[in-house]
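Asker: One structure coming up, written as C-alpha cells, with questions to follow.
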Amino acid sequence: MPLSDEVDGERAGDRRLFYLVAPAGFPNYGDELIAAAWLDYLAETAPEADVWVDTHSPGGAAVLLSSHHPRVRFTDTLWRLAEGAPSDDPWEAANWVQEVVHNPGMMPRWHHGVELLARAEVVHLLGGGYVNQVWPRHIGVLAGAAAAVRRSGGRAAMTGQGLLPAADGVAPLLRALADRFELVDVRDDGSAALLGVPTGADDAFLGMGPARFAKGDAPEVMLCLQSDLLDEGAGTLAAGVLATLRAWKVAPENVGVVEGIPRVDRDVYALFEHELPGARFYPFPDVWAHGLPVAEGQTWLSTRFHPHLVAASAGVAGVAISVRPDYYATKHRSLTELGSGWTVVDDIEAMAAGEVPERPVTGGFDADLVARLAHRKRELADAVYAPVPRASATPGEPAEETTPAAPVSRLGKLLGR
C-alpha cells in the first residue's frame, strides 16, 4: 500500500485508528510493561484496528513491543514537537506544540505525522511519571494530544498519570488541558488534588497476572538499584544497601539483582558486587523475556517503582528506597497507600550511616485487591476505546463538538475511592 494512502488519504477501509503516547522503547521495565499491557488489551479487543505508538524511542519500542498487536506501528511526532519547543518553560512548550498541531507548516518535517495524529479516533496518553517538573517540555506531549482531538473530533484520554513534582505556576495550565480530555485517571493523591479528580491506580495493573512473574526459583533477597535521578551519589546508595544486607545477615549467594534499565541499574551494584560473591544478576533482557523473579518469602530492596508494584502484586514484602523524594516518594507511597505493605525509606544518607530499616516479615498486596484493580482498569480501558461518534469536519479544521456515546466516569469512581 502506498505511504500516502495511510498518511495523506483516508484510513484504509473502515479500520479504527488509535494513537497511544508513551515513553516506551528506552528501554525501561515499567514503561515497557505499561505499553505492552495496553497493546495486549487492544490485540484482544481490536486486532483489526490501526494502532500507532508515539514514543521518544520508536526503534527500540518496535523491537520490544511489535509482537503485542498485529497492526501496531511506531512514531515520535509528539515527542519531536515537544523537543522543538522554544524553551523549557511549560507554558511555552504547551503553546508551541498546540500551535504546530493546528499549523504543521511550523515544523514541516513532521507535517505527515501531525496529520496522522489529527485523524485518530482515540489519542491516549498511557500511564507513567513523565509529565512533570523533571522533564518540563513533556507537557507539550499532553498539550498536543488535546489539540489533536480538537481537529479530529476524537477522544482524548490519559490514564495512570503521575504529575508530581509539578513545576511552579503550572497547575492552572494542567487543569485547563485536563479539562479537554474526556477521561482523566491519575495514580496518586497529589496528582488527583492537582487536577481535582479522584485517585486511580497505575496502568501496570491492567496486565497484572502470573505472566508478569518468572517461573523457577529466585533468591531470598532481591535488589533493584538505579544510578539515575539520584539526589545522593551512587556510593551513598551502595553503602546504605550493603549496610542493610549485613544487618539482615543475608548470605551473598542468596541475593539477586534486577536491572530495570540496562546498565543504569547495574552501576550501583557494581560498586559492591565484590562483597557479594555468588549473587545472581538478572539483566533487563532476561526480565523482559521471562518476567520478574519473585518467590514466596522474598524481601525486596528497590528504588524503582514498578518492581515494587509487580513484586507486591505477587504477595512479596519489601523496602522501597526513594532516591529522589520529590518524585519517587510520591510514586512509592501511592502503592503503600493502596496496601503494598512495603516500608518506604526517604533518607538514604541515614541508611548509609547505619540507620537501616528492619527486614519486613510480611507484605505485598492482597490477591483480591490486585484482581479488583485489574478488573477496574479493564473497565476503564473499555471506556477509553468505546466507539466515538464524531461530527463530520473539513479536513484540517476543528470538528464540531460531539456527545460521547455514553457517560464515561473517571477511574476514581470505578475504584470507589
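To be explicit about the labels: the chains of the C-alpha cells are called A, B, and onward in the order shown, and within each one the residues are counted from 1, while ligands get numbers from 1 in the order they are shown.
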Could you give me, as a list of chain:residue names, the residues within 9 Å of segment 160-165 of chain A, counting only C-alpha atoms and dropping anything in the same chain fewer than 4 positions from it?

Answerer: A:Leu125, A:Leu126, A:Gly127, A:Gly128, A:Gly129, A:Tyr130, A:Val131, A:Asn132, A:Gln133, A:Val134, A:Val184, A:Asp185, A:Val186, A:Arg187, A:Asp188, A:Gly190, A:Ser191, A:Ala192, A:Leu194, A:Gly200, A:Ala201, A:Asp202, A:Asp203, A:Ala204, A:Asp326, A:Tyr327, A:Thr330, A:Lys331

Asker: Given the selection you just returned, output its residues as a file containing N, CA and C atoms, formatted as a CSV table (one decimal), in the first residue's frame.

Answerer:
```
chain,number,residue,atom,x,y,z
A,125,LEU,N,-2.8,9.0,26.3
A,125,LEU,CA,-1.6,9.1,27.0
A,125,LEU,C,-1.5,8.0,28.0
A,126,LEU,N,-0.7,7.0,27.7
A,126,LEU,CA,-0.5,5.9,28.7
A,126,LEU,C,0.2,6.4,29.9
A,127,GLY,N,0.0,5.6,31.0
A,127,GLY,CA,0.5,6.0,32.3
A,127,GLY,C,2.0,6.1,32.4
A,128,GLY,N,2.4,6.7,33.5
A,128,GLY,CA,3.8,6.9,33.8
A,128,GLY,C,4.0,8.3,34.5
A,129,GLY,N,5.2,8.5,34.9
A,129,GLY,CA,5.5,9.8,35.6
A,129,GLY,C,6.4,10.6,34.7
A,130,TYR,N,5.9,11.0,33.5
A,130,TYR,CA,6.8,11.7,32.6
A,130,TYR,C,6.4,13.1,32.2
A,131,VAL,N,5.2,13.6,32.8
A,131,VAL,CA,4.8,14.9,32.6
A,131,VAL,C,4.9,15.7,33.9
A,132,ASN,N,6.0,16.3,34.2
A,132,ASN,CA,6.2,16.9,35.5
A,132,ASN,C,7.5,17.8,35.4
A,133,GLN,N,7.9,18.3,36.5
A,133,GLN,CA,9.0,19.3,36.6
A,133,GLN,C,10.3,18.7,36.2
A,134,VAL,N,10.4,17.4,36.3
A,134,VAL,CA,11.7,16.7,36.0
A,134,VAL,C,12.0,16.9,34.5
A,184,VAL,N,-9.9,11.2,32.5
A,184,VAL,CA,-8.7,11.5,33.2
A,184,VAL,C,-8.5,10.6,34.4
A,185,ASP,N,-7.4,9.9,34.4
A,185,ASP,CA,-7.1,9.0,35.5
A,185,ASP,C,-5.6,9.2,36.0
A,186,VAL,N,-5.5,9.4,37.3
A,186,VAL,CA,-4.1,9.6,37.9
A,186,VAL,C,-3.9,8.6,38.9
A,187,ARG,N,-2.6,8.3,39.2
A,187,ARG,CA,-2.3,7.2,40.1
A,187,ARG,C,-2.0,7.5,41.5
A,188,ASP,N,-1.9,8.8,41.9
A,188,ASP,CA,-1.5,9.2,43.2
A,188,ASP,C,-2.4,10.4,43.7
A,190,GLY,N,-1.6,13.2,45.2
A,190,GLY,CA,-1.1,14.5,44.9
A,190,GLY,C,-1.5,15.0,43.5
A,191,SER,N,-1.4,14.1,42.5
A,191,SER,CA,-1.8,14.4,41.1
A,191,SER,C,-3.3,14.6,41.1
A,192,ALA,N,-4.1,13.8,41.9
A,192,ALA,CA,-5.5,13.9,41.9
A,192,ALA,C,-5.9,15.3,42.5
A,194,LEU,N,-4.1,17.9,42.4
A,194,LEU,CA,-3.7,18.9,41.4
A,194,LEU,C,-4.7,19.2,40.3
A,200,GLY,N,-6.8,7.2,41.0
A,200,GLY,CA,-7.0,5.9,40.4
A,200,GLY,C,-5.8,5.0,40.7
A,201,ALA,N,-5.2,4.4,39.8
A,201,ALA,CA,-4.1,3.5,40.0
A,201,ALA,C,-3.2,3.4,38.8
A,202,ASP,N,-2.0,2.8,39.0
A,202,ASP,CA,-1.1,2.7,37.9
A,202,ASP,C,-1.6,1.8,36.8
A,203,ASP,N,-1.2,2.1,35.6
A,203,ASP,CA,-1.6,1.4,34.4
A,203,ASP,C,-1.1,-0.1,34.4
A,204,ALA,N,0.0,-0.3,35.1
A,204,ALA,CA,0.6,-1.7,35.1
A,204,ALA,C,-0.4,-2.7,35.6
A,326,ASP,N,11.1,14.0,46.1
A,326,ASP,CA,10.0,14.8,45.5
A,326,ASP,C,9.4,14.1,44.3
A,327,TYR,N,10.0,13.0,43.8
A,327,TYR,CA,9.5,12.3,42.7
A,327,TYR,C,9.2,10.8,43.1
A,330,THR,N,6.5,10.0,46.2
A,330,THR,CA,5.1,10.1,45.8
A,330,THR,C,4.7,8.8,45.1
A,331,LYS,N,5.6,8.3,44.2
A,331,LYS,CA,5.3,7.0,43.5
A,331,LYS,C,5.2,5.9,44.4
```

Asker: Got a sec to tell me which of segment 26-214 of chain A DSSP assigns to strand (DSSP E or B), as a list in words?

Answerer: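 Across segment 26-214 of chain A, those assigned strand (DSSP E or B) are Asp50, Val51, Trp52, Val53, Asp54, Val72, Arg73, Phe74, Thr75, Val122, Val123, His124, Leu125, Gly128, Arg155, Ala156, Ala157, Met158, Thr159, Gly160, Gln161, Leu183, Val184, Asp185, Val186, Thr199 and Phe213 of chain A.
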
Asker: Can you work out the spacing between atom CA of Arg15 of chain A and atom CA of Phe74 of chain A in Å, to one decimal?

Answerer: 17.3 Å

Asker: Give me the residues within 8 Å of Arg73 of chain A as a compact mmCIF listing (two decimals) with N, CA and C atoms, in the first residue's frame, counting only C-alpha atoms and dropping any in the same chain fewer than 3 places off.

Answerer:
```txt
# COMPACT_ATOMS: atom_id res chain seq x y z
N VAL A 51 -3.02 0.80 15.00
CA VAL A 51 -2.53 1.32 16.28
C VAL A 51 -1.16 1.93 16.07
N TRP A 52 -1.03 3.17 16.46
CA TRP A 52 0.26 3.85 16.43
C TRP A 52 0.69 4.15 17.86
N VAL A 53 1.96 3.94 18.15
CA VAL A 53 2.54 4.32 19.44
C VAL A 53 3.54 5.43 19.19
N ALA A 62 9.68 -0.57 18.78
CA ALA A 62 9.25 -1.52 17.76
C ALA A 62 9.82 -2.91 18.01
N SER A 66 6.44 -4.87 19.12
CA SER A 66 5.68 -5.15 17.89
C SER A 66 4.86 -6.43 17.97
```

Asker: Work out how far atom CA of Glu358 of chain A is from atom CA of Val294 of chain A, in Å to one decimal.

Answerer: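 About the pair atom CA of Val294 of chain A and atom CA of Glu358 of chain A: they are 20.2 Å apart.
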
Asker: Based on the backbone DSSP call, show me all residues of segment 340-375 of chain A assigned helix (DSSP H, G or I), as a JSON list (two decimals) with N, CA and C atoms, in the first residue's frame.

Answerer:
```
[["chain", "number", "residue", "atom", "x", "y", "z"],
["A", 348, "ILE", "N", 18.44, 8.33, 52.49],
["A", 348, "ILE", "CA", 19.47, 7.36, 52.12],
["A", 348, "ILE", "C", 20.77, 7.61, 52.89],
["A", 349, "GLU", "N", 21.07, 8.86, 53.19],
["A", 349, "GLU", "CA", 22.28, 9.16, 53.95],
["A", 349, "GLU", "C", 22.23, 8.52, 55.33],
["A", 350, "ALA", "N", 21.07, 8.58, 55.98],
["A", 350, "ALA", "CA", 20.92, 7.94, 57.28],
["A", 350, "ALA", "C", 21.06, 6.42, 57.15],
["A", 351, "MET", "N", 20.52, 5.87, 56.09],
["A", 351, "MET", "CA", 20.64, 4.44, 55.83],
["A", 351, "MET", "C", 22.11, 4.06, 55.66],
["A", 352, "ALA", "N", 22.86, 4.88, 54.92],
["A", 352, "ALA", "CA", 24.28, 4.61, 54.72],
["A", 352, "ALA", "C", 25.07, 4.72, 56.01],
["A", 367, "ALA", "N", -4.32, -10.51, 47.24],
["A", 367, "ALA", "CA", -4.59, -11.00, 45.89],
["A", 367, "ALA", "C", -5.93, -10.51, 45.36],
["A", 368, "ASP", "N", -6.92, -10.40, 46.23],
["A", 368, "ASP", "CA", -8.24, -9.92, 45.78],
["A", 368, "ASP", "C", -8.15, -8.46, 45.34],
["A", 369, "LEU", "N", -7.33, -7.66, 46.01],
["A", 369, "LEU", "CA", -7.17, -6.27, 45.62],
["A", 369, "LEU", "C", -6.54, -6.17, 44.23],
["A", 370, "VAL", "N", -5.51, -6.97, 43.98],
["A", 370, "VAL", "CA", -4.87, -6.95, 42.66],
["A", 370, "VAL", "C", -5.87, -7.32, 41.57],
["A", 371, "ALA", "N", -6.66, -8.35, 41.83],
["A", 371, "ALA", "CA", -7.67, -8.76, 40.85],
["A", 371, "ALA", "C", -8.70, -7.65, 40.64],
["A", 372, "ARG", "N", -9.08, -6.97, 41.71],
["A", 372, "ARG", "CA", -10.05, -5.90, 41.60],
["A", 372, "ARG", "C", -9.50, -4.71, 40.81],
["A", 373, "LEU", "N", -8.24, -4.37, 41.09],
["A", 373, "LEU", "CA", -7.60, -3.28, 40.35],
["A", 373, "LEU", "C", -7.48, -3.61, 38.86],
["A", 374, "ALA", "N", -7.11, -4.85, 38.56],
["A", 374, "ALA", "CA", -7.00, -5.27, 37.16],
["A", 374, "ALA", "C", -8.36, -5.20, 36.48],
["A", 375, "HIS", "N", -9.39, -5.63, 37.17],
["A", 375, "HIS", "CA", -10.74, -5.61, 36.59],
["A", 375, "HIS", "C", -11.20, -4.19, 36.34]]
```

Asker: Between A:Gln298, A:Asn28, A:Thr45, A:Ser57, which is the closest to Glu220 of chain A once you count only C-alpha atoms?

Answerer: A:Gln298

Asker: Tell me, in Å to one decimal, how far atom CA of Tyr328 of chain A is from atom CA of Tyr269 of chain A.

Answerer: 19.5 Å

Asker: Using only C-alpha atoms, find the one residue out of A:Leu33, A:Leu174, A:Ala22, A:Val255 that sits nearest to Thr75 of chain A.

Answerer: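 When distances to Thr75 of chain A are compared using only C-alpha atoms, the smallest one comes from A:Ala22.
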
Asker: Taking 5 positions as the minimum chain separation for residues in the same chain, which residues sit within 12 Å of segment 238-242 of chain A when counting only C-alpha atoms? Answer as a PyMOL selection string.

Answerer: chain A and resi 221-227+230+232-233+247-252+255+257+265-276+300-303+319-321+323+345-357

Asker: Report as a VMD selection string all protein, DNA and RNA residues lying within 12 Å of Ala146 of chain A, evaluated on only C-alpha atoms, omitting residues in the same chain fewer than 6 positions from it.

Answerer: chain A and resid 78 94 to 95 97 to 99 101 to 102 117 to 118 120 122 to 125 139 to 140 152 to 158 174 to 184 398
